[in-house]
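Chemist: My structure is stored as protein00.tsv, with TSV, N, CA and C atoms.
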chain	number	residue	atom	x	y	z
W	222	MET	N	-0.28	9.59	14.31
W	222	MET	CA	-1.28	9.44	13.28
W	222	MET	C	-0.61	9.51	11.92
W	223	TRP	N	-0.95	8.58	11.04
W	223	TRP	CA	-0.37	8.54	9.70
W	223	TRP	C	-1.18	9.41	8.78
W	224	THR	N	-0.52	10.32	8.11
W	224	THR	CA	-1.19	11.20	7.15
W	224	THR	C	-0.55	10.99	5.79
W	225	PRO	N	-1.23	10.26	4.88
W	225	PRO	CA	-0.65	9.99	3.57
W	225	PRO	C	-0.34	11.26	2.81
W	226	GLY	N	0.81	11.24	2.14
W	226	GLY	CA	1.15	12.31	1.23
W	226	GLY	C	1.75	13.55	1.87
W	227	VAL	N	1.86	13.60	3.20
W	227	VAL	CA	2.38	14.81	3.85
W	227	VAL	C	3.80	15.10	3.40
W	228	THR	N	4.62	14.06	3.27
W	228	THR	CA	6.01	14.27	2.89
W	228	THR	C	6.23	14.22	1.39
W	229	SER	N	5.19	14.00	0.62
W	229	SER	CA	5.39	13.78	-0.81
W	229	SER	C	6.02	14.97	-1.52
W	230	GLY	N	5.70	16.19	-1.14
W	230	GLY	CA	6.29	17.35	-1.78
W	230	GLY	C	7.78	17.42	-1.55
W	231	ILE	N	8.21	17.05	-0.36
W	231	ILE	CA	9.63	17.05	-0.04
W	231	ILE	C	10.34	15.95	-0.81
W	232	LEU	N	9.76	14.74	-0.80
W	232	LEU	CA	10.43	13.60	-1.40
W	232	LEU	C	10.44	13.65	-2.92
W	233	SER	N	9.43	14.27	-3.53
W	233	SER	CA	9.38	14.27	-4.98
W	233	SER	C	10.53	15.05	-5.60
W	234	ALA	N	11.10	15.97	-4.87
W	234	ALA	CA	12.21	16.75	-5.39
W	234	ALA	C	13.55	16.06	-5.14
W	235	MET	N	13.54	14.95	-4.40
W	235	MET	CA	14.77	14.27	-4.02
W	235	MET	C	15.07	13.12	-4.96
W	236	LYS	N	16.28	12.57	-4.83
W	236	LYS	CA	16.65	11.37	-5.56
W	236	LYS	C	15.91	10.17	-4.94
W	237	PRO	N	15.94	9.02	-5.62
W	237	PRO	CA	15.24	7.85	-5.09
W	237	PRO	C	15.61	7.58	-3.63
W	238	VAL	N	14.59	7.24	-2.85
W	238	VAL	CA	14.80	7.10	-1.42
W	238	VAL	C	13.75	6.18	-0.80
W	239	VAL	N	14.10	5.53	0.28
W	239	VAL	CA	13.17	4.73	1.07
W	239	VAL	C	13.32	5.16	2.51
W	240	TYR	N	12.23	5.59	3.13
W	240	TYR	CA	12.20	5.92	4.54
W	240	TYR	C	11.28	4.91	5.21
W	241	GLY	N	11.66	4.44	6.39
W	241	GLY	CA	10.77	3.50	7.07
W	241	GLY	C	11.19	3.28	8.50
W	242	HIS	N	10.31	2.62	9.24
W	242	HIS	CA	10.58	2.28	10.62
W	242	HIS	C	9.76	1.07	11.00
W	243	GLY	N	10.31	0.24	11.85
W	243	GLY	CA	9.60	-0.92	12.35
W	243	GLY	C	9.58	-0.90	13.87
W	244	TRP	N	8.52	-1.44	14.44
W	244	TRP	CA	8.38	-1.51	15.89
W	244	TRP	C	8.28	-2.97	16.29
W	245	GLY	N	9.07	-3.38	17.28
W	245	GLY	CA	9.04	-4.76	17.75
W	245	GLY	C	8.15	-4.91	18.96
W	246	GLY	N	8.13	-6.11	19.48
W	246	GLY	CA	7.37	-6.37	20.70
W	246	GLY	C	5.94	-6.74	20.43
W	247	ALA	N	5.34	-7.30	21.45
W	247	ALA	CA	3.94	-7.75	21.35
W	247	ALA	C	3.07	-6.81	22.17
W	248	GLY	N	2.70	-5.72	21.59
W	248	GLY	CA	1.85	-4.77	22.29
W	248	GLY	C	0.42	-5.27	22.42
W	249	ARG	N	-0.32	-4.66	23.31
W	249	ARG	CA	-1.72	-5.05	23.52
W	249	ARG	C	-2.69	-4.17	22.76
W	250	ALA	N	-2.24	-3.06	22.23
W	250	ALA	CA	-3.13	-2.15	21.50
W	250	ALA	C	-3.50	-2.76	20.15
W	251	PHE	N	-4.73	-2.52	19.74
W	251	PHE	CA	-5.18	-2.96	18.42
W	251	PHE	C	-5.99	-1.86	17.79
W	252	PRO	N	-5.79	-1.55	16.52
W	252	PRO	CA	-4.75	-2.16	15.70
W	252	PRO	C	-3.36	-1.75	16.19
W	253	ARG	N	-2.40	-2.61	15.93
W	253	ARG	CA	-1.03	-2.37	16.36
W	253	ARG	C	-0.14	-2.20	15.14
W	254	LEU	N	0.40	-1.01	14.99
W	254	LEU	CA	1.30	-0.67	13.90
W	254	LEU	C	2.65	-1.31	14.16
W	255	PHE	N	3.21	-2.00	13.17
W	255	PHE	CA	4.56	-2.51	13.38
W	255	PHE	C	5.53	-2.16	12.27
W	256	SER	N	5.08	-1.50	11.22
W	256	SER	CA	6.02	-1.01	10.22
W	256	SER	C	5.33	0.05	9.36
W	257	ALA	N	6.10	1.07	9.01
W	257	ALA	CA	5.61	2.11	8.11
W	257	ALA	C	6.78	2.56	7.26
W	258	MET	N	6.50	2.84	5.99
W	258	MET	CA	7.58	3.32	5.12
W	258	MET	C	7.02	4.16	3.99
W	259	HIS	N	7.90	4.98	3.47
W	259	HIS	CA	7.59	5.81	2.31
W	259	HIS	C	8.67	5.52	1.28
W	260	ILE	N	8.26	5.18	0.08
W	260	ILE	CA	9.19	4.79	-0.99
W	260	ILE	C	9.05	5.75	-2.15
W	261	SER	N	10.18	6.19	-2.66
W	261	SER	CA	10.22	7.00	-3.86
W	261	SER	C	11.35	6.45	-4.72
W	262	LEU	N	11.00	5.55	-5.63
W	262	LEU	CA	12.00	4.84	-6.44
W	262	LEU	C	11.53	4.69	-7.88
W	263	MET	N	12.48	4.44	-8.76
W	263	MET	CA	12.18	4.09	-10.13
W	263	MET	C	12.38	2.57	-10.23
W	264	PHE	N	11.33	1.81	-9.98
W	264	PHE	CA	11.46	0.37	-10.09
W	264	PHE	C	10.47	-0.16	-11.11
W	265	THR	N	10.82	-1.31	-11.69
W	265	THR	CA	9.97	-1.95	-12.69
W	265	THR	C	9.82	-3.41	-12.31
W	266	GLY	N	8.82	-4.04	-12.85
W	266	GLY	CA	8.65	-5.47	-12.64
W	266	GLY	C	7.27	-5.82	-12.13
W	267	LEU	N	7.05	-7.12	-12.04
W	267	LEU	CA	5.79	-7.68	-11.56
W	267	LEU	C	6.08	-8.36	-10.23
W	268	TYR	N	5.38	-7.96	-9.19
W	268	TYR	CA	5.65	-8.44	-7.85
W	268	TYR	C	4.42	-9.11	-7.25
W	269	PRO	N	4.47	-10.45	-7.01
W	269	PRO	CA	3.38	-11.11	-6.28
W	269	PRO	C	3.60	-10.90	-4.78
W	270	LEU	N	2.55	-10.56	-4.06
W	270	LEU	CA	2.67	-10.25	-2.64
W	270	LEU	C	1.59	-10.96	-1.83
W	271	ARG	N	1.94	-11.33	-0.60
W	271	ARG	CA	0.99	-11.88	0.37
W	271	ARG	C	1.62	-11.69	1.75
W	272	TYR	N	0.88	-11.06	2.63
W	272	TYR	CA	1.36	-10.80	3.99
W	272	TYR	C	0.39	-11.41	5.00
W	273	SER	N	0.89	-11.77	6.16
W	273	SER	CA	0.04	-12.35	7.21
W	273	SER	C	-0.56	-11.27	8.10
W	274	PHE	N	-0.48	-10.03	7.68
W	274	PHE	CA	-0.99	-8.89	8.44
W	274	PHE	C	-1.70	-7.93	7.50
W	275	TRP	N	-2.32	-6.90	8.04
W	275	TRP	CA	-3.01	-5.88	7.25
W	275	TRP	C	-2.00	-4.98	6.55
W	276	VAL	N	-2.35	-4.52	5.35
W	276	VAL	CA	-1.51	-3.60	4.59
W	276	VAL	C	-2.36	-2.42	4.14
W	277	ALA	N	-1.88	-1.22	4.40
W	277	ALA	CA	-2.46	0.00	3.82
W	277	ALA	C	-1.42	0.54	2.86
W	278	ASP	N	-1.79	0.63	1.60
W	278	ASP	CA	-0.87	0.97	0.51
W	278	ASP	C	-1.41	2.23	-0.16
W	279	TYR	N	-0.72	3.35	0.00
W	279	TYR	CA	-1.18	4.65	-0.51
W	279	TYR	C	-0.32	5.09	-1.68
W	280	ALA	N	-0.93	5.28	-2.85
W	280	ALA	CA	-0.22	5.75	-4.05
W	280	ALA	C	-0.21	7.27	-4.05
W	281	VAL	N	0.96	7.85	-3.91
W	281	VAL	CA	1.11	9.31	-3.96
W	281	VAL	C	0.97	9.79	-5.40
W	282	ASN	N	1.53	9.02	-6.33
W	282	ASN	CA	1.39	9.37	-7.74
W	282	ASN	C	0.90	8.15	-8.52
W	283	THR	N	0.46	8.34	-9.74
W	283	THR	CA	0.00	7.25	-10.58
W	283	THR	C	1.22	6.63	-11.25
W	284	ALA	N	1.55	5.39	-10.87
W	284	ALA	CA	2.76	4.81	-11.41
W	284	ALA	C	2.63	3.32	-11.75
W	285	GLY	N	1.77	2.60	-11.09
W	285	GLY	CA	1.68	1.17	-11.31
W	285	GLY	C	0.24	0.70	-11.40
W	286	ARG	N	0.10	-0.61	-11.37
W	286	ARG	CA	-1.24	-1.19	-11.38
W	286	ARG	C	-1.24	-2.41	-10.47
W	287	VAL	N	-2.44	-2.87	-10.11
W	287	VAL	CA	-2.58	-3.95	-9.15
W	287	VAL	C	-3.66	-4.93	-9.62
W	288	ARG	N	-3.47	-6.19	-9.25
W	288	ARG	CA	-4.46	-7.24	-9.48
W	288	ARG	C	-4.58	-7.98	-8.16
W	289	VAL	N	-5.82	-8.25	-7.70
W	289	VAL	CA	-6.04	-8.80	-6.36
W	289	VAL	C	-6.77	-10.14	-6.44
W	290	ALA	N	-6.31	-11.09	-5.64
W	290	ALA	CA	-6.97	-12.37	-5.35
W	290	ALA	C	-6.75	-13.46	-6.40
W	291	SER	N	-6.61	-13.13	-7.67
W	291	SER	CA	-6.48	-14.17	-8.70
W	291	SER	C	-5.77	-13.61	-9.93
W	292	ARG	N	-4.99	-14.44	-10.57
W	292	ARG	CA	-4.30	-14.02	-11.80
W	292	ARG	C	-5.29	-13.73	-12.93
W	293	SER	N	-6.51	-14.23	-12.81
W	293	SER	CA	-7.51	-14.00	-13.85
W	293	SER	C	-8.26	-12.68	-13.67
W	294	ARG	N	-8.08	-12.02	-12.53
W	294	ARG	CA	-8.75	-10.74	-12.31
W	294	ARG	C	-8.11	-9.66	-13.18
W	295	PRO	N	-8.88	-8.65	-13.55
W	295	PRO	CA	-8.31	-7.57	-14.38
W	295	PRO	C	-7.35	-6.69	-13.56
W	296	TRP	N	-6.43	-6.06	-14.26
W	296	TRP	CA	-5.53	-5.09	-13.64
W	296	TRP	C	-6.29	-3.80	-13.37
W	297	ARG	N	-5.96	-3.13	-12.28
W	297	ARG	CA	-6.51	-1.80	-11.98
W	297	ARG	C	-5.34	-0.85	-11.79
W	298	GLN	N	-5.46	0.31	-12.39
W	298	GLN	CA	-4.44	1.34	-12.25
W	298	GLN	C	-4.41	1.83	-10.80
W	299	CYS	N	-3.22	1.99	-10.23
W	299	CYS	CA	-3.06	2.58	-8.90
W	299	CYS	C	-2.98	4.09	-9.09
W	300	LEU	N	-4.10	4.73	-8.97
W	300	LEU	CA	-4.18	6.16	-9.23
W	300	LEU	C	-3.60	6.97	-8.08
W	301	ALA	N	-3.12	8.16	-8.40
W	301	ALA	CA	-2.60	9.07	-7.37
W	301	ALA	C	-3.67	9.32	-6.31
W	302	ARG	N	-3.23	9.43	-5.07
W	302	ARG	CA	-4.08	9.72	-3.91
W	302	ARG	C	-5.14	8.63	-3.68
W	303	THR	N	-4.75	7.37	-3.96
W	303	THR	CA	-5.64	6.24	-3.71
W	303	THR	C	-5.00	5.31	-2.70
W	304	LEU	N	-5.79	4.87	-1.73
W	304	LEU	CA	-5.32	3.93	-0.71
W	304	LEU	C	-5.99	2.59	-0.93
W	305	HIS	N	-5.18	1.54	-0.95
W	305	HIS	CA	-5.70	0.17	-0.97
W	305	HIS	C	-5.43	-0.42	0.39
W	306	ARG	N	-6.45	-1.06	0.96
W	306	ARG	CA	-6.28	-1.73	2.24
W	306	ARG	C	-6.55	-3.22	2.02
W	307	TYR	N	-5.51	-4.04	2.32
W	307	TYR	CA	-5.58	-5.47	2.11
W	307	TYR	C	-5.65	-6.19	3.46
W	308	PRO	N	-6.62	-7.09	3.64
W	308	PRO	CA	-6.65	-7.88	4.87
W	308	PRO	C	-5.54	-8.93	4.85
W	309	PRO	N	-5.26	-9.54	6.00
W	309	PRO	CA	-4.20	-10.57	6.04
W	309	PRO	C	-4.44	-11.69	5.03
W	310	ASN	N	-3.32	-12.18	4.49
W	310	ASN	CA	-3.29	-13.31	3.56
W	310	ASN	C	-3.97	-13.05	2.22
W	311	THR	N	-4.14	-11.81	1.87
W	311	THR	CA	-4.65	-11.46	0.54
W	311	THR	C	-3.50	-11.56	-0.46
W	312	VAL	N	-3.73	-12.26	-1.54
W	312	VAL	CA	-2.73	-12.35	-2.61
W	312	VAL	C	-3.00	-11.22	-3.57
W	313	TYR	N	-1.95	-10.48	-3.90
W	313	TYR	CA	-2.09	-9.43	-4.92
W	313	TYR	C	-0.78	-9.24	-5.65
W	314	TRP	N	-0.89	-8.69	-6.84
W	314	TRP	CA	0.27	-8.47	-7.70
W	314	TRP	C	0.36	-6.98	-8.00
W	315	GLU	N	1.56	-6.46	-7.91
W	315	GLU	CA	1.81	-5.08	-8.32
W	315	GLU	C	2.69	-5.12	-9.56
W	316	ASP	N	2.35	-4.28	-10.53
W	316	ASP	CA	3.07	-4.24	-11.79
W	316	ASP	C	3.51	-2.80	-12.05
W	317	TYR	N	4.80	-2.63	-12.30
W	317	TYR	CA	5.37	-1.32	-12.60
W	317	TYR	C	6.04	-1.40	-13.96
W	318	PRO	N	5.37	-0.90	-15.01
W	318	PRO	CA	5.88	-1.05	-16.36
W	318	PRO	C	7.17	-0.27	-16.61
W	319	ARG	N	7.93	-0.77	-17.56
W	319	ARG	CA	9.16	-0.09	-17.98
W	319	ARG	C	8.83	1.16	-18.79
W	320	GLY	N	9.79	2.06	-18.88
W	320	GLY	CA	9.65	3.22	-19.74
W	320	GLY	C	8.97	4.42	-19.10
W	321	ARG	N	8.65	4.32	-17.81
W	321	ARG	CA	8.05	5.49	-17.14
W	321	ARG	C	9.09	6.59	-16.98
W	322	LYS	N	8.63	7.80	-16.89
W	322	LYS	CA	9.52	8.95	-16.69
W	322	LYS	C	9.47	9.47	-15.25
W	323	THR	N	8.62	8.89	-14.41
W	323	THR	CA	8.45	9.37	-13.04
W	323	THR	C	8.80	8.28	-12.03
W	324	LEU	N	9.17	8.69	-10.85
W	324	LEU	CA	9.41	7.76	-9.75
W	324	LEU	C	8.08	7.19	-9.26
W	325	CYS	N	8.11	5.98	-8.74
W	325	CYS	CA	6.96	5.41	-8.04
W	325	CYS	C	7.03	5.94	-6.62
W	326	GLU	N	5.97	6.56	-6.16
W	326	GLU	CA	5.97	7.12	-4.81
W	326	GLU	C	4.78	6.55	-4.05
W	327	TYR	N	5.08	5.76	-3.02
W	327	TYR	CA	4.06	5.07	-2.23
W	327	TYR	C	4.38	5.17	-0.76
W	328	SER	N	3.35	5.12	0.06
W	328	SER	CA	3.48	4.99	1.51
W	328	SER	C	2.77	3.71	1.92
W	329	TYR	N	3.41	2.95	2.80
W	329	TYR	CA	2.86	1.69	3.27
W	329	TYR	C	2.79	1.68	4.78
W	330	VAL	N	1.75	1.07	5.31
W	330	VAL	CA	1.63	0.83	6.74
W	330	VAL	C	1.23	-0.63	6.92
W	331	PHE	N	1.95	-1.33	7.79
W	331	PHE	CA	1.68	-2.74	8.08
W	331	PHE	C	1.24	-2.84	9.53
W	332	PHE	N	0.13	-3.55	9.78
W	332	PHE	CA	-0.39	-3.60	11.14
W	332	PHE	C	-1.22	-4.86	11.37
W	333	ASN	N	-1.44	-5.17	12.64
W	333	ASN	CA	-2.31	-6.25	13.08
W	333	ASN	C	-3.53	-5.65	13.76
W	334	GLY	N	-4.56	-6.47	13.92
W	334	GLY	CA	-5.72	-6.06	14.70
W	334	GLY	C	-6.77	-5.28	13.94
W	335	GLY	N	-6.76	-5.31	12.64
W	335	GLY	CA	-7.76	-4.59	11.87
W	335	GLY	C	-9.17	-5.08	12.14
W	336	GLU	N	-9.31	-6.37	12.43
W	336	GLU	CA	-10.64	-6.92	12.72
W	336	GLU	C	-11.21	-6.30	14.00
W	337	GLY	N	-10.35	-6.13	15.01
W	337	GLY	CA	-10.78	-5.53	16.27
W	337	GLY	C	-11.25	-4.10	16.10
W	338	ALA	N	-10.73	-3.43	15.08
W	338	ALA	CA	-11.14	-2.06	14.77
W	338	ALA	C	-12.26	-2.06	13.72
W	339	ARG	N	-12.75	-3.23	13.38
W	339	ARG	CA	-13.84	-3.43	12.43
W	339	ARG	C	-13.49	-2.97	11.00
W	340	LEU	N	-12.20	-3.01	10.68
W	340	LEU	CA	-11.78	-2.63	9.33
W	340	LEU	C	-12.22	-3.67	8.30
W	341	ASP	N	-12.44	-4.91	8.75
W	341	ASP	CA	-12.86	-5.95	7.82
W	341	ASP	C	-14.21	-5.65	7.19
W	342	ARG	N	-15.05	-4.87	7.85
W	342	ARG	CA	-16.36	-4.54	7.27
W	342	ARG	C	-16.24	-3.56	6.10
W	343	LEU	N	-15.07	-2.95	5.92
W	343	LEU	CA	-14.85	-2.04	4.80
W	343	LEU	C	-14.33	-2.74	3.55
W	344	ILE	N	-13.99	-4.02	3.69
W	344	ILE	CA	-13.45	-4.77	2.56
W	344	ILE	C	-14.59	-5.17	1.62
W	345	ASP	N	-14.45	-4.87	0.36
W	345	ASP	CA	-15.42	-5.29	-0.65
W	345	ASP	C	-15.26	-6.80	-0.85
W	346	PRO	N	-16.27	-7.61	-0.49
W	346	PRO	CA	-16.11	-9.06	-0.58
W	346	PRO	C	-15.86	-9.56	-2.01
W	347	ARG	N	-16.37	-8.87	-2.99
W	347	ARG	CA	-16.13	-9.28	-4.38
W	347	ARG	C	-14.71	-8.97	-4.82
W	348	ALA	N	-14.18	-7.83	-4.39
W	348	ALA	CA	-12.84	-7.41	-4.80
W	348	ALA	C	-11.75	-8.03	-3.91
W	349	GLY	N	-12.07	-8.27	-2.64
W	349	GLY	CA	-11.10	-8.82	-1.71
W	349	GLY	C	-10.25	-7.78	-1.00
W	350	TYR	N	-10.54	-6.49	-1.22
W	350	TYR	CA	-9.78	-5.42	-0.58
W	350	TYR	C	-10.65	-4.16	-0.57
W	351	ALA	N	-10.17	-3.13	0.10
W	351	ALA	CA	-10.88	-1.85	0.12
W	351	ALA	C	-10.07	-0.84	-0.68
W	352	ARG	N	-10.77	0.04	-1.36
W	352	ARG	CA	-10.12	1.09	-2.17
W	352	ARG	C	-10.74	2.42	-1.78
W	353	PHE	N	-9.89	3.37	-1.37
W	353	PHE	CA	-10.34	4.69	-0.95
W	353	PHE	C	-9.63	5.74	-1.79
W	354	VAL	N	-10.38	6.75	-2.23
W	354	VAL	CA	-9.80	7.84	-3.01
W	354	VAL	C	-9.73	9.07	-2.11
W	355	ASP	N	-8.55	9.68	-2.07
W	355	ASP	CA	-8.30	10.88	-1.28
W	355	ASP	C	-8.42	12.08	-2.22
W	356	PRO	N	-9.54	12.81	-2.15
W	356	PRO	CA	-9.73	13.90	-3.10
W	356	PRO	C	-8.75	15.01	-2.81
Once you've parsed the file, please lay out its structure as structure tokens.

Modeler:
Amino acid sequence: MWTPGVTSGILSAMKPVVYGHGWGGAGRAFPRLFSAMHISLMFTGLYPLRYSFWVADYAVNTAGRVRVASRSRPWRQCLARTLHRYPPNTVYWEDYPRGRKTLCEYSYVFFNGGEGARLDRLIDPRAGYARFVDP
């Protein structure tokens, strides 16, 4: 079971690091996890993203912002303890401005079969993704 933020206290005291693991093969379980990682880095830039699978993106700290589905959509701050869940083929941009004093700390999970678990019903049709706040 993935628990966002469990390792964040350990990693925040460390130098920049990326931890991750991938699983191969065509399993029959759905949803099927095939990659998970935790990133703690000082990176900057604008990154356009699109994956053919589901993405769960958990912001451990407030460090960047995101725009989903269209370049004309407004930017939203990626607040600490917030999870974004993107369905397959969702286009989104992540922006990490220069001049920050803190590392970007995120956990990602990539998986297939979200529809079979009815995760698609949690997607806001206007926004194109789901946003959950972890109090």

Chemist: Excluding region 269-286 of chain W and its own-chain neighbours fewer than 5 positions away, which residues fall within 9 Å of it when counting only C-alpha atoms? Please give them as a compact mmCIF listing (two decimals) with N, CA and C atoms, in the frame of the given file.

Modeler:
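As a result, part.txt now contains:
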# COMPACT_ATOMS: atom_id res chain seq x y z
N PRO W 225 -1.23 10.26 4.88
CA PRO W 225 -0.65 9.99 3.57
C PRO W 225 -0.34 11.26 2.81
N GLY W 226 0.81 11.24 2.14
CA GLY W 226 1.15 12.31 1.23
C GLY W 226 1.75 13.55 1.87
N SER W 229 5.19 14.00 0.62
CA SER W 229 5.39 13.78 -0.81
C SER W 229 6.02 14.97 -1.52
N TRP W 296 -6.43 -6.06 -14.26
CA TRP W 296 -5.53 -5.09 -13.64
C TRP W 296 -6.29 -3.80 -13.37
N ARG W 297 -5.96 -3.13 -12.28
CA ARG W 297 -6.51 -1.80 -11.98
C ARG W 297 -5.34 -0.85 -11.79
N GLN W 298 -5.46 0.31 -12.39
CA GLN W 298 -4.44 1.34 -12.25
C GLN W 298 -4.41 1.83 -10.80
N CYS W 299 -3.22 1.99 -10.23
CA CYS W 299 -3.06 2.58 -8.90
C CYS W 299 -2.98 4.09 -9.09
N LEU W 300 -4.10 4.73 -8.97
CA LEU W 300 -4.18 6.16 -9.23
C LEU W 300 -3.60 6.97 -8.08
N ALA W 301 -3.12 8.16 -8.40
CA ALA W 301 -2.60 9.07 -7.37
C ALA W 301 -3.67 9.32 -6.31
N ARG W 302 -3.23 9.43 -5.07
CA ARG W 302 -4.08 9.72 -3.91
C ARG W 302 -5.14 8.63 -3.68
N THR W 303 -4.75 7.37 -3.96
CA THR W 303 -5.64 6.24 -3.71
C THR W 303 -5.00 5.31 -2.70
N LEU W 304 -5.79 4.87 -1.73
CA LEU W 304 -5.32 3.93 -0.71
C LEU W 304 -5.99 2.59 -0.93
N HIS W 305 -5.18 1.54 -0.95
CA HIS W 305 -5.70 0.17 -0.97
C HIS W 305 -5.43 -0.42 0.39
N ARG W 306 -6.45 -1.06 0.96
CA ARG W 306 -6.28 -1.73 2.24
C ARG W 306 -6.55 -3.22 2.02
N TYR W 307 -5.51 -4.04 2.32
CA TYR W 307 -5.58 -5.47 2.11
C TYR W 307 -5.65 -6.19 3.46
N PRO W 308 -6.62 -7.09 3.64
CA PRO W 308 -6.65 -7.88 4.87
C PRO W 308 -5.54 -8.93 4.85
N PRO W 309 -5.26 -9.54 6.00
CA PRO W 309 -4.20 -10.57 6.04
C PRO W 309 -4.44 -11.69 5.03
N ASN W 310 -3.32 -12.18 4.49
CA ASN W 310 -3.29 -13.31 3.56
C ASN W 310 -3.97 -13.05 2.22
N THR W 311 -4.14 -11.81 1.87
CA THR W 311 -4.65 -11.46 0.54
C THR W 311 -3.50 -11.56 -0.46
N VAL W 312 -3.73 -12.26 -1.54
CA VAL W 312 -2.73 -12.35 -2.61
C VAL W 312 -3.00 -11.22 -3.57
N TYR W 313 -1.95 -10.48 -3.90
CA TYR W 313 -2.09 -9.43 -4.92
C TYR W 313 -0.78 -9.24 -5.65
N TRP W 314 -0.89 -8.69 -6.84
CA TRP W 314 0.27 -8.47 -7.70
C TRP W 314 0.36 -6.98 -8.00
N GLU W 315 1.56 -6.46 -7.91
CA GLU W 315 1.81 -5.08 -8.32
C GLU W 315 2.69 -5.12 -9.56
N ASP W 316 2.35 -4.28 -10.53
CA ASP W 316 3.07 -4.24 -11.79
C ASP W 316 3.51 -2.80 -12.05
N TYR W 317 4.80 -2.63 -12.30
CA TYR W 317 5.37 -1.32 -12.60
C TYR W 317 6.04 -1.40 -13.96
N PRO W 318 5.37 -0.90 -15.01
CA PRO W 318 5.88 -1.05 -16.36
C PRO W 318 7.17 -0.27 -16.61
N ARG W 321 8.65 4.32 -17.81
CA ARG W 321 8.05 5.49 -17.14
C ARG W 321 9.09 6.59 -16.98
N THR W 323 8.62 8.89 -14.41
CA THR W 323 8.45 9.37 -13.04
C THR W 323 8.80 8.28 -12.03
N LEU W 324 9.17 8.69 -10.85
CA LEU W 324 9.41 7.76 -9.75
C LEU W 324 8.08 7.19 -9.26
N CYS W 325 8.11 5.98 -8.74
CA CYS W 325 6.96 5.41 -8.04
C CYS W 325 7.03 5.94 -6.62
N GLU W 326 5.97 6.56 -6.16
CA GLU W 326 5.97 7.12 -4.81
C GLU W 326 4.78 6.55 -4.05
N TYR W 327 5.08 5.76 -3.02
CA TYR W 327 4.06 5.07 -2.23
C TYR W 327 4.38 5.17 -0.76
N SER W 328 3.35 5.12 0.06
CA SER W 328 3.48 4.99 1.51
C SER W 328 2.77 3.71 1.92
N TYR W 329 3.41 2.95 2.80
CA TYR W 329 2.86 1.69 3.27
C TYR W 329 2.79 1.68 4.78
N VAL W 330 1.75 1.07 5.31
CA VAL W 330 1.63 0.83 6.74
C VAL W 330 1.23 -0.63 6.92
N PHE W 331 1.95 -1.33 7.79
CA PHE W 331 1.68 -2.74 8.08
C PHE W 331 1.24 -2.84 9.53
N PHE W 332 0.13 -3.55 9.78
CA PHE W 332 -0.39 -3.60 11.14
C PHE W 332 -1.22 -4.86 11.37
N ASN W 333 -1.44 -5.17 12.64
CA ASN W 333 -2.31 -6.25 13.08
C ASN W 333 -3.53 -5.65 13.76
N GLY W 334 -4.56 -6.47 13.92
CA GLY W 334 -5.72 -6.06 14.70
C GLY W 334 -6.77 -5.28 13.94
N GLY W 335 -6.76 -5.31 12.64
CA GLY W 335 -7.76 -4.59 11.87
C GLY W 335 -9.17 -5.08 12.14

Chemist: Could you check how far CA of Thr265 (chain W) sits from CA of Val287 (chain W), in Å to one decimal?

Modeler: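 Straight-line distance from CA of Thr265 (chain W) to CA of Val287 (chain W) works out to 13.2 Å.
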
Chemist: For the atom pair CA of Pro252 (chain W) and CA of Arg347 (chain W), what is the interatomic distance in Å to one decimal place?

Modeler: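 Straight-line distance from CA of Pro252 (chain W) to CA of Arg347 (chain W) works out to 24.2 Å.
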
Chemist: Can you work out the spacing between CA of Leu343 (chain W) and atom C of His259 (chain W) in Å, to one decimal?

Modeler: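 Separation of CA of Leu343 (chain W) and atom C of His259 (chain W): 25.0 Å.
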
Chemist: Name the residues of region 234-330 of chain W that fall into strand (DSSP E or B) according to DSSP on the backbone, using the chain letters and numbers of this document, as a PyMOL selection string.

Modeler: chain W and resi 238-243+253-262+266-270+275-280+286-289+297-298+303-307+313-317+325-330

Chemist: Quick one: what's the axis-aligned box for region 268-282 of chain W, all listed atoms, 3 Å on every side, centre and edges in Å to one decimal, as JSON?

Modeler:
{"center_x": 1.3, "center_y": -1.3, "center_z": -0.4, "size_x": 14.7, "size_y": 28.1, "size_z": 23.6}
